[in-house]
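Everything on this sheet refers to the single structure shown next.
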Amino acid sequence: MSVIRFENVFKSFGDQVVLRDFNMEIRAGETKVILGGGGSGKTTILKMVLGLVRPDSGRVYIEERDITNLSETELNPIRRRIGMVFQEGALFDSLTVGENVAYRMREDKNHSEKEIDQTVRKLLGFVGLEHAIDKFPSELSGGMVRRAGIARALSENPSILLYDEPTAGLDPITSRSICELVIELRDLEGVASLFVTHDLRSATTLATEFAEIQPDGEIEFKRGTDLVCLVNTRFLMLKDGTVFFEGNDEALKNVKDEYVQEFLS
Ligand SMILES: Nc1ncnc2c1ncn2[C@@H]1O[C@H](COP(=O)(O)OP(=O)(O)O)[C@@H](O)[C@H]1O
Ligand SMILES: [Mg+2]
């Protein structure tokens with residue numbers, strides 16, 4: 001099933017054309033890594049998935065439903081199916097980590113406090129932040145803020161996750177821990193994701209590794225070029241508002257084009 005589909009999308013802001021005849025499809029359990037320079041339209045694409053920005057022409061489908069012209073009220077249930085992880089974590093400063101993760105569930109009013117508490121603890125356990133439940137965002141490191149942001153994005157069990165440069169400004173080890181969470185969600189939970197990044201190291205991790213549960217219950221990350229077919233991640237490179245390249249890690253390395261080589265170097 002196609003989870004996200006963009007069909008011939010055009011978008012301009014004033015006389016600046018940002019997307020021109022942009023097409024993209026993400027299937028269930030797939031992660032699409034969107035690469036592109038600053039200002040190339042990456043965040044605009046994520047906002048279109050949420051229905052926060054509308055195309056000038058063309059269509060956007062979420063789980064096969066055309067959302068292009070839906071009203072705000074009609075968009076609400078669709079937005080609830082989508083978790084968004086922002087670059088800076090975007091937590092509420094005046095709320096604890098636990099309250100941040102609980103926020104959407106409380107707002108929803110369909111969950112008991114007991115259920116919320118259980119879910120918050122489970123999600124903080126998943127991102128390795130059980131101990132930080134009562135801390136405020138200002139007391140956390142950059143990596144912990146991003147992980148808390150991921151826990152919050154997961155609070156309503158979304159089938160789609162959007163990540164906007166979630167590893168920007170993080171050191172390689174912390175970036176890797178974020179990528180491992182993204183891979184686990186892809187391979188063990190079947191979540192479809194759009195991962196926007198500048199960070200080629202993280203993009204390569206996502207495109208070359210997969211997660212597997214071992215007999216002892218531990219999760220192991222495996223890689224290898226002969227295993228690439230098992231890795232459900234493709235790159236999409238944006239240039240001049242349209243898809244300049246689409247394919248796996250190996251194909252990307254083999255593109256001889258100057259723009260791609262510059263990006264990779
Ligand atoms: N609401 C807006 N109004 C005017 N210009 C915008 C708006 N949103 C984005 N833009 C412009 O569109 C271009 C693409 O923006 P964006 O999608 O944020 O790029 P990226 O995330 O790839 O850096 C940028 O030049 C930006 O200034
Ligand atoms: Mg952006």
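Here, A, B, ... name the chains of the structure tokens in the order displayed, residue numbers run from 1 inside each chain, and ligands are numbered from 1 in the same displayed order.
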
* Give the residue list for ligand 2 at 10 Å, counting only C-alpha atoms and all ligand atoms, as number ranges by chain, sorted by chain and then by residue number. => A: 36-46, 86-87, 164-165, 196-198

* Leaving out Glu99 of chain A and any residue of its chain fewer than 2 positions from it, which residues lie within 10 Å of it when counting only C-alpha atoms, given as a list in words? ->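 Residues meeting the cut-off are Leu91, Phe92, Ser94, Leu95, Thr96, Val97, Val101, Ala102, Tyr103, Arg104, Met105, Arg106, Ile116, Asp117, Val120, Ile133, Asp134, Lys135, Phe136 and Arg152 of chain A.
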
* Between atom CA of Arg80 of chain A and atom CA of Lys109 of chain A, what is the distance, to one decimal in Å? ->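 Taking atom CA of Arg80 of chain A as the start and atom CA of Lys109 of chain A as the end point, the length is 13.1 Å.
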
* **segment 3-196 of chain A: residues DSSP assigns to strand (DSSP E), reported as an MDAnalysis selection string** => chainID A and resid 3:13 16:27 31:35 57:62 65:66 82:85 160:164 192:196

* Asked: Which neighbours of Lys11 of chain A fall inside 9 Å, counting only C-alpha atoms, when residues of the same chain fewer than 5 positions from it are skipped, and could you give them as a PyMOL selection string?
  -> chain A and resi 16-21+44+54-57+241
